[in-house]
file target_8.txt (compact mmCIF, C-alpha atoms and all ligand atoms)
# COMPACT_ATOMS: atom_id res chain seq x y z
CA MET K 157 40.37 16.99 43.24
CA ALA K 158 38.99 14.91 40.41
CA ARG K 159 36.97 16.93 37.92
CA PHE K 160 34.47 14.09 37.58
CA THR K 161 34.22 10.84 39.53
CA TRP K 162 33.56 7.40 38.11
CA PRO K 163 32.45 4.14 39.79
CA ASP K 164 34.94 2.37 42.05
CA GLY K 165 37.35 5.28 41.94
CA LYS K 166 38.02 4.87 38.22
CA GLN K 167 39.73 7.77 36.50
CA VAL K 168 38.05 7.76 33.09
CA ALA K 169 35.12 6.12 31.28
CA ALA K 170 35.76 4.61 27.84
CA ALA K 171 33.10 3.60 25.34
CA VAL K 172 33.34 2.31 21.80
CA THR K 173 30.28 3.16 19.74
CA PHE K 174 29.38 2.26 16.16
CA ASP K 175 26.90 4.02 13.92
CA ALA K 176 25.84 1.02 11.83
CA ASP K 177 24.16 3.03 9.07
CA GLY K 178 24.10 0.16 6.55
CA GLU K 179 22.06 0.65 3.41
CA THR K 180 20.82 4.12 4.40
CA ILE K 181 24.19 5.57 3.31
CA PRO K 182 23.57 5.66 -0.49
CA LEU K 183 20.14 7.16 0.14
CA VAL K 184 21.71 9.88 2.30
CA GLN K 185 24.55 10.65 -0.09
CA ASP K 186 22.37 10.80 -3.22
CA LYS K 187 18.67 11.02 -2.45
CA GLU K 188 17.59 10.84 -6.11
CA HIS K 189 19.83 8.12 -7.50
CA GLY K 190 21.71 6.53 -4.56
CA HIS K 191 19.58 3.39 -4.73
CA GLU K 192 20.73 2.69 -8.32
CA ARG K 193 24.44 3.38 -7.80
CA LEU K 194 25.67 -0.13 -7.17
CA THR K 195 29.18 0.76 -6.02
CA LEU K 196 27.74 3.12 -3.42
CA VAL K 197 25.20 0.48 -2.35
CA SER K 198 27.93 -2.15 -2.05
CA THR K 199 30.10 0.22 0.01
CA ALA K 200 27.22 0.49 2.46
CA THR K 201 26.56 -3.25 2.45
CA TYR K 202 30.17 -3.85 3.49
CA GLY K 203 29.18 -2.59 6.97
CA PRO K 204 26.60 -5.22 7.95
CA ALA K 205 28.18 -7.96 5.78
CA VAL K 206 31.86 -7.68 6.72
CA GLY K 207 32.51 -4.80 9.15
CA VAL K 208 30.07 -5.66 11.92
CA PRO K 209 30.94 -9.38 12.21
CA ARG K 210 34.67 -8.56 12.17
CA ILE K 211 34.26 -5.84 14.79
CA LEU K 212 32.14 -8.11 16.99
CA ASP K 213 34.85 -10.80 16.82
CA SER K 214 37.46 -8.29 18.03
CA LEU K 215 35.23 -6.96 20.81
CA LYS K 216 34.66 -10.53 21.96
CA ASP K 217 38.40 -11.27 21.95
CA TYR K 218 39.05 -8.24 24.16
CA GLY K 219 35.90 -8.53 26.29
CA ILE K 220 34.85 -4.95 25.52
CA PRO K 221 31.15 -3.93 25.59
CA ALA K 222 29.98 -1.53 22.87
CA THR K 223 26.99 0.50 21.75
CA PHE K 224 25.63 0.27 18.19
CA PHE K 225 23.31 2.97 16.84
CA VAL K 226 21.26 1.54 13.97
CA PRO K 227 18.67 3.25 11.73
CA GLY K 228 15.32 1.39 11.76
CA PHE K 229 15.54 0.67 8.01
CA THR K 230 18.95 -1.02 8.41
CA ALA K 231 17.82 -2.97 11.47
CA GLU K 232 14.82 -4.31 9.50
CA LEU K 233 17.12 -5.42 6.67
CA HIS K 234 19.54 -7.18 9.04
CA PRO K 235 17.63 -8.63 12.01
CA GLU K 236 20.38 -11.24 12.42
CA MET K 237 22.89 -8.45 12.98
CA ILE K 238 20.76 -6.99 15.78
CA THR K 239 20.35 -10.42 17.35
CA ARG K 240 24.09 -11.09 17.36
CA ILE K 241 24.91 -7.63 18.77
CA LEU K 242 22.45 -8.11 21.64
CA ASP K 243 23.36 -11.77 22.24
CA GLU K 244 26.99 -10.76 22.73
CA GLY K 245 26.07 -8.29 25.45
CA HIS K 246 26.23 -5.02 23.51
CA GLU K 247 23.69 -2.22 23.41
CA VAL K 248 21.63 -1.02 20.44
CA GLY K 249 20.41 2.59 20.27
CA HIS K 250 18.06 4.61 18.07
CA HIS K 251 19.56 6.32 14.99
CA GLY K 252 16.56 7.51 12.98
CA TYR K 253 14.68 5.45 10.42
CA LEU K 254 16.28 6.29 7.07
CA HIS K 255 19.12 8.27 8.66
CA GLU K 256 17.16 11.52 8.27
CA ARG K 257 19.02 14.57 9.56
CA PRO K 258 16.72 16.29 12.07
CA ASN K 259 17.74 19.75 10.81
CA THR K 260 16.18 18.93 7.42
CA LEU K 261 12.83 17.96 8.97
CA SER K 262 9.82 19.88 10.31
CA ALA K 263 8.86 19.19 13.94
CA GLU K 264 6.05 16.87 12.73
CA GLU K 265 8.37 14.98 10.37
CA GLU K 266 11.01 14.65 13.06
CA GLU K 267 8.49 13.09 15.44
CA ALA K 268 7.15 10.74 12.73
CA VAL K 269 10.69 9.52 11.94
CA LEU K 270 11.42 8.99 15.64
CA VAL K 271 8.23 6.96 16.05
CA ARG K 272 8.90 4.88 12.92
CA GLY K 273 12.42 4.07 14.14
CA LEU K 274 11.03 3.18 17.56
CA GLU K 275 8.50 0.79 16.03
CA SER K 276 11.24 -1.11 14.15
CA TRP K 277 13.42 -1.06 17.19
CA GLU K 278 10.78 -2.39 19.57
CA ARG K 279 9.63 -5.05 17.10
CA LEU K 280 13.19 -6.37 16.77
CA THR K 281 14.41 -6.09 20.34
CA GLY K 282 11.23 -6.31 22.40
CA ARG K 283 12.13 -3.25 24.44
CA HIS K 284 12.39 0.52 24.39
CA PRO K 285 15.85 1.88 23.58
CA ALA K 286 17.71 3.75 26.30
CA GLY K 287 19.63 6.02 23.97
CA TYR K 288 19.48 8.11 20.85
CA ARG K 289 22.15 9.44 18.53
CA SER K 290 21.02 11.77 15.78
CA PRO K 291 22.04 11.01 12.20
CA ALA K 292 24.93 13.33 11.30
CA TRP K 293 24.79 14.71 14.85
CA ASP K 294 22.30 17.42 14.06
CA LEU K 295 19.61 18.28 16.59
CA ASN K 296 16.88 20.92 16.46
CA PRO K 297 16.12 23.20 19.40
CA GLY K 298 13.02 21.04 20.06
CA SER K 299 14.80 17.66 19.72
CA PRO K 300 15.87 17.21 23.37
CA ALA K 301 12.29 17.76 24.59
CA LEU K 302 11.01 15.30 21.95
CA LEU K 303 13.48 12.66 23.15
CA LYS K 304 12.45 13.29 26.72
CA ARG K 305 8.78 12.90 25.77
CA TYR K 306 9.47 9.53 24.17
CA GLY K 307 11.26 8.21 27.23
CA PHE K 308 14.88 8.28 26.08
CA ARG K 309 17.29 8.21 29.01
CA TYR K 310 20.19 9.74 27.17
CA ASP K 311 21.27 11.43 23.95
CA SER K 312 24.74 11.22 22.38
CA SER K 313 24.83 13.92 19.67
CA LEU K 314 26.16 17.10 21.28
CA MET K 315 29.65 18.44 21.89
CA GLY K 316 29.37 20.88 24.79
CA ASN K 317 31.72 19.13 27.20
CA ASP K 318 33.89 16.05 27.61
CA ILE K 319 32.10 14.84 30.76
CA PRO K 320 28.39 13.93 30.91
CA TYR K 321 25.94 16.80 31.42
CA LEU K 322 22.24 17.54 31.38
CA VAL K 323 20.37 19.51 28.72
CA SER K 324 17.46 21.57 29.99
CA THR K 325 14.50 20.78 27.70
CA GLY K 326 11.51 22.49 29.30
CA GLU K 327 10.16 18.96 29.91
CA GLY K 328 12.84 17.83 32.32
CA ASN K 329 16.57 17.43 31.82
CA LEU K 330 18.01 15.05 29.22
CA LEU K 331 21.34 13.36 29.89
CA GLU K 332 23.95 14.11 27.23
CA LEU K 333 26.91 11.78 26.67
CA PRO K 334 28.98 14.07 24.46
CA ILE K 335 30.85 13.19 21.29
CA GLN K 336 33.28 15.08 19.08
CA TRP K 337 34.41 14.96 15.44
CA ILE K 338 38.00 14.37 16.56
CA LEU K 339 36.92 11.00 17.97
CA ASP K 340 34.86 10.04 14.89
CA ASP K 341 36.43 7.82 12.23
CA TYR K 342 34.58 9.41 9.32
CA PRO K 343 36.40 12.76 9.05
CA HIS K 344 39.74 10.99 9.41
CA TYR K 345 39.19 8.31 6.81
CA ASN K 346 36.65 9.61 4.33
CA MET K 347 38.10 10.75 1.03
CA ASN K 348 35.65 13.65 0.80
CA THR K 349 36.50 15.07 4.21
CA GLY K 350 39.99 14.51 5.57
CA GLY K 351 41.33 12.33 2.81
CA ILE K 352 42.21 8.68 3.37
CA SER K 353 44.32 8.90 6.51
CA SER K 354 46.70 6.18 7.64
CA PRO K 355 45.67 4.30 10.80
CA GLU K 356 48.99 5.47 12.25
CA LYS K 357 47.87 9.09 12.06
CA VAL K 358 44.46 8.24 13.54
CA PHE K 359 46.16 6.37 16.37
CA GLU K 360 48.26 9.45 17.06
CA VAL K 361 45.16 11.65 17.28
CA TRP K 362 42.96 9.26 19.27
CA SER K 363 45.65 8.10 21.71
CA SER K 364 46.70 11.70 22.47
CA GLU K 365 43.08 12.59 23.04
CA PHE K 366 42.68 9.61 25.38
CA GLN K 367 45.67 10.74 27.46
CA GLY K 368 43.85 14.04 27.94
CA TYR K 369 40.53 12.41 28.81
CA HIS K 370 42.33 10.26 31.38
CA ARG K 371 43.87 13.33 32.95
CA TYR K 372 40.61 15.30 32.95
CA ASN K 373 38.33 12.40 34.03
CA GLY K 374 36.31 12.52 30.83
CA VAL K 375 33.91 10.20 29.10
CA PHE K 376 35.95 9.02 26.11
CA ILE K 377 33.46 8.05 23.40
CA LEU K 378 34.88 6.76 20.13
CA THR K 379 32.45 6.82 17.20
CA MET K 380 33.09 4.47 14.31
CA HIS K 381 31.15 3.29 11.27
CA PRO K 382 31.37 -0.40 10.34
CA PHE K 383 31.68 0.42 6.62
CA VAL K 384 34.62 2.71 7.47
CA SER K 385 36.32 1.12 10.49
CA GLY K 386 35.47 -2.46 9.53
CA ARG K 387 38.22 -2.29 6.85
CA PRO K 388 41.13 -4.62 7.71
CA SER K 389 43.77 -2.07 8.72
CA ARG K 390 41.25 -0.09 10.75
CA VAL K 391 40.05 -3.07 12.78
CA LEU K 392 43.69 -3.60 13.66
CA LEU K 393 43.78 0.03 14.76
CA LEU K 394 40.68 -0.50 16.94
CA GLU K 395 42.47 -3.40 18.64
CA ARG K 396 45.59 -1.27 19.06
CA MET K 397 43.49 1.49 20.68
CA ILE K 398 41.89 -1.02 23.07
CA GLU K 399 45.34 -2.28 24.06
CA TYR K 400 46.60 1.28 24.47
CA ILE K 401 43.66 2.24 26.69
CA ASN K 402 44.11 -0.96 28.71
CA SER K 403 47.69 0.10 29.46
CA PHE K 404 46.28 2.90 31.69
CA ASP K 405 45.10 2.45 35.27
CA GLY K 406 41.56 3.31 36.27
CA VAL K 407 39.69 2.77 33.00
CA TRP K 408 35.97 1.94 33.14
CA TRP K 409 34.88 0.29 29.88
CA ALA K 410 31.11 0.54 29.55
CA THR K 411 28.22 0.83 27.13
CA LEU K 412 26.59 4.23 26.94
CA GLU K 413 23.55 2.77 28.70
CA GLN K 414 25.72 1.67 31.63
CA ILE K 415 27.29 5.13 31.76
CA ALA K 416 23.79 6.67 31.64
CA ASP K 417 22.64 4.46 34.53
CA TYR K 418 25.55 5.65 36.60
CA CYS K 419 25.11 9.34 35.69
CA LEU K 420 21.36 9.39 36.22
CA GLY K 421 21.90 7.96 39.68
CA ARG K 422 23.78 11.05 40.83
CA GLY K 423 22.31 14.48 41.31
CA ASP K 424 25.24 16.74 40.63
CA LEU K 425 25.60 16.97 36.84
CA GLU K 426 25.91 20.39 35.25
CA ILE K 427 22.81 21.62 33.45
CA TRP K 428 23.10 23.34 30.05
CA THR K 429 20.30 25.56 28.85
CA PRO K 430 20.72 26.04 25.09
CA PRO K 431 20.94 29.79 24.43
CA ASP K 432 18.38 31.45 22.16
CA LEU K 433 21.03 32.97 19.90
CA LYS K 434 18.48 34.60 17.58
CA ALA K 435 16.89 36.53 20.44
CA LEU K 436 20.34 37.47 21.75
CA MET K 437 21.44 38.74 18.34
CA GLU K 438 18.32 40.86 17.96
CA ARG K 439 18.71 42.58 21.32
ZN ZN G 501 24.84 7.55 11.11
call {"tool": "encode", "arguments": {"input": "target_8.txt", "output": "structure tokens", "more": "lines below"}}
Ligand SMILES: [Zn+2]
result
Amino acid sequence: MARFTWPDGKQVAAAVTFDADGETIPLVQDKEHGHERLTLVSTATYGPAVGVPRILDSLKDYGIPATFFVPGFTAELHPEMITRILDEGHEVGHHGYLHERPNTLSAEEEEAVLVRGLESWERLTGRHPAGYRSPAWDLNPGSPALLKRYGFRYDSSLMGNDIPYLVSTGEGNLLELPIQWILDDYPHYNMNTGGISSPEKVFEVWSSEFQGYHRYNGVFILTMHPFVSGRPSRVLLLERMIEYINSFDGVWWATLEQIADYCLGRGDLEIWTPPDLKALMER
């Protein structure tokens, strides 16, 4: 029996997602002086200027829908980027305002950042976003309830499974579309984390992982950054991955919002209640 079922008898769901951080990157990497380090600023600018248009061209060639998570600050700087992403049938999700990591914020600050990002988002798109992905994939114990309160239909920041599941928040369940570092371009390509890997090696890792997701009926969510994966050899790798995935039967390509629509329409997802580890340790 299939471990998880997908629409029309498909075997696996596949989604390409991009965290289009843009000019928030230098501010994240060096809070004090990032704004005056021109090489760092230009590295970030490469995303909206070169990476995103190149990626959008490839997605159009292959007819693949994608989800872009954009910090409010970056969206305000590049409204034309948001317009093109939406015009070409992709989804845009919330990704903070200045790419603030929730685990560095108080509950009040976290809410203020969420609201500020929402204001930019709604001004630029005219609607409320369906999804949220936390900057650097950090969430606080109170974050899922906060997202629920502000009407988000899904989150994509946790790693507790490889099929969709629900997070119990105390204010209703929040749908989680789980990610993993193995399927993120940053640790593979960044010189401060994994070193500058060859696309060949990344293909080996991602394609093996896809084989497993196909077998176990997972939701295969690739996470890429336009300033990282918009580089020439890496866009070629993205196209190679799309062709590889298309060589399998039963693949459902979808945006995360489309996957959320499907998942929220069924009543049988597993529910995860985050454990209170502190209380458990003090027993
Ligand atoms: Zn990000």
call {"tool": "closest_residue", "arguments": {"input": "target_8.txt", "among": "K:Phe224, K:Phe383, K:Tyr218, K:Phe359", "to": "K:Asn346", "atoms": "all atoms listed in the file"}}
result
K:Phe383
call {"tool": "closest_residue", "arguments": {"input": "target_8.txt", "among": "K:Glu399, K:Asp424, K:Glu356, K:Glu236", "to": "K:Pro209", "atoms": "all atoms listed in the file"}}
result
K:Glu236
call {"tool": "residues_near_ligand", "arguments": {"input": "target_8.txt", "ligand": "ligand ZN 501 (chain G)", "cutoff": "6 Å", "atoms": "only C-alpha atoms and all ligand atoms", "output": "PyMOL selection string"}}
result
chain K and resi 175+177+291-292
call {"tool": "atom_distance", "arguments": {"input": "target_8.txt", "atom1": "atom CA of K:Phe174", "atom2": "atom CA of K:Glu244"}}
result
14.8 Å
call {"tool": "residues_around", "arguments": {"input": "target_8.txt", "residues": "K:Thr411", "least_positions_apart": "3", "cutoff": "7 Å", "atoms": "all atoms listed in the file", "output": "list in words"}}
result
Ala171, Pro221, Ala222, Thr223, Glu247, Gln414 and Ile415 of chain K
call {"tool": "atom_distance", "arguments": {"input": "target_8.txt", "atom1": "atom CA of K:Leu196", "atom2": "atom CA of K:Ile181"}}
result
8.0 Å
call {"tool": "closest_residue", "arguments": {"input": "target_8.txt", "among": "K:His344, K:Ala263, K:Ser353, K:Pro320", "to": "K:Arg422", "atoms": "all atoms listed in the file"}}
result
K:Pro320
call {"tool": "closest_residue", "arguments": {"input": "target_8.txt", "among": "K:Tyr253, K:Ser385, K:Ser363, K:Tyr418", "to": "K:Tyr345", "atoms": "all atoms listed in the file"}}
result
K:Ser385
call {"tool": "atom_distance", "arguments": {"input": "target_8.txt", "atom1": "atom CA of K:Asp340", "atom2": "atom CA of K:Glu232"}}
result
25.2 Å
call {"tool": "closest_residue", "arguments": {"input": "target_8.txt", "among": "K:Gly351, K:Phe376, K:Pro382, K:Leu412", "to": "K:Ser312", "atoms": "only C-alpha atoms"}}
result
K:Leu412
call {"tool": "residues_near_point", "arguments": {"input": "target_8.txt", "point": "(18.7, 9.9, 24.7)", "cutoff": "12 Å", "atoms": "only C-alpha atoms", "output": "VMD selection string"}}
result
chain K and resid 225 249 to 251 270 284 to 290 295 299 to 314 322 to 323 329 to 334 412 to 413 416 to 417 420
call {"tool": "closest_residue", "arguments": {"input": "target_8.txt", "among": "K:Ile427, K:Ala205, K:Leu212, K:Leu183", "to": "K:Gly245", "atoms": "all atoms listed in the file"}}
result
K:Leu212
call {"tool": "residues_near_point", "arguments": {"input": "target_8.txt", "point": "(15.6, -5.6, 21.1)", "cutoff": "10 Å", "atoms": "all atoms listed in the file", "output": "list in words"}}
result
Pro235, Ile238, Thr239, Ile241, Leu242, Asp243, Glu247, Val248, Gly249, Ser276, Trp277, Glu278, Arg279, Leu280, Thr281, Gly282, Arg283, His284 and Pro285 of chain K
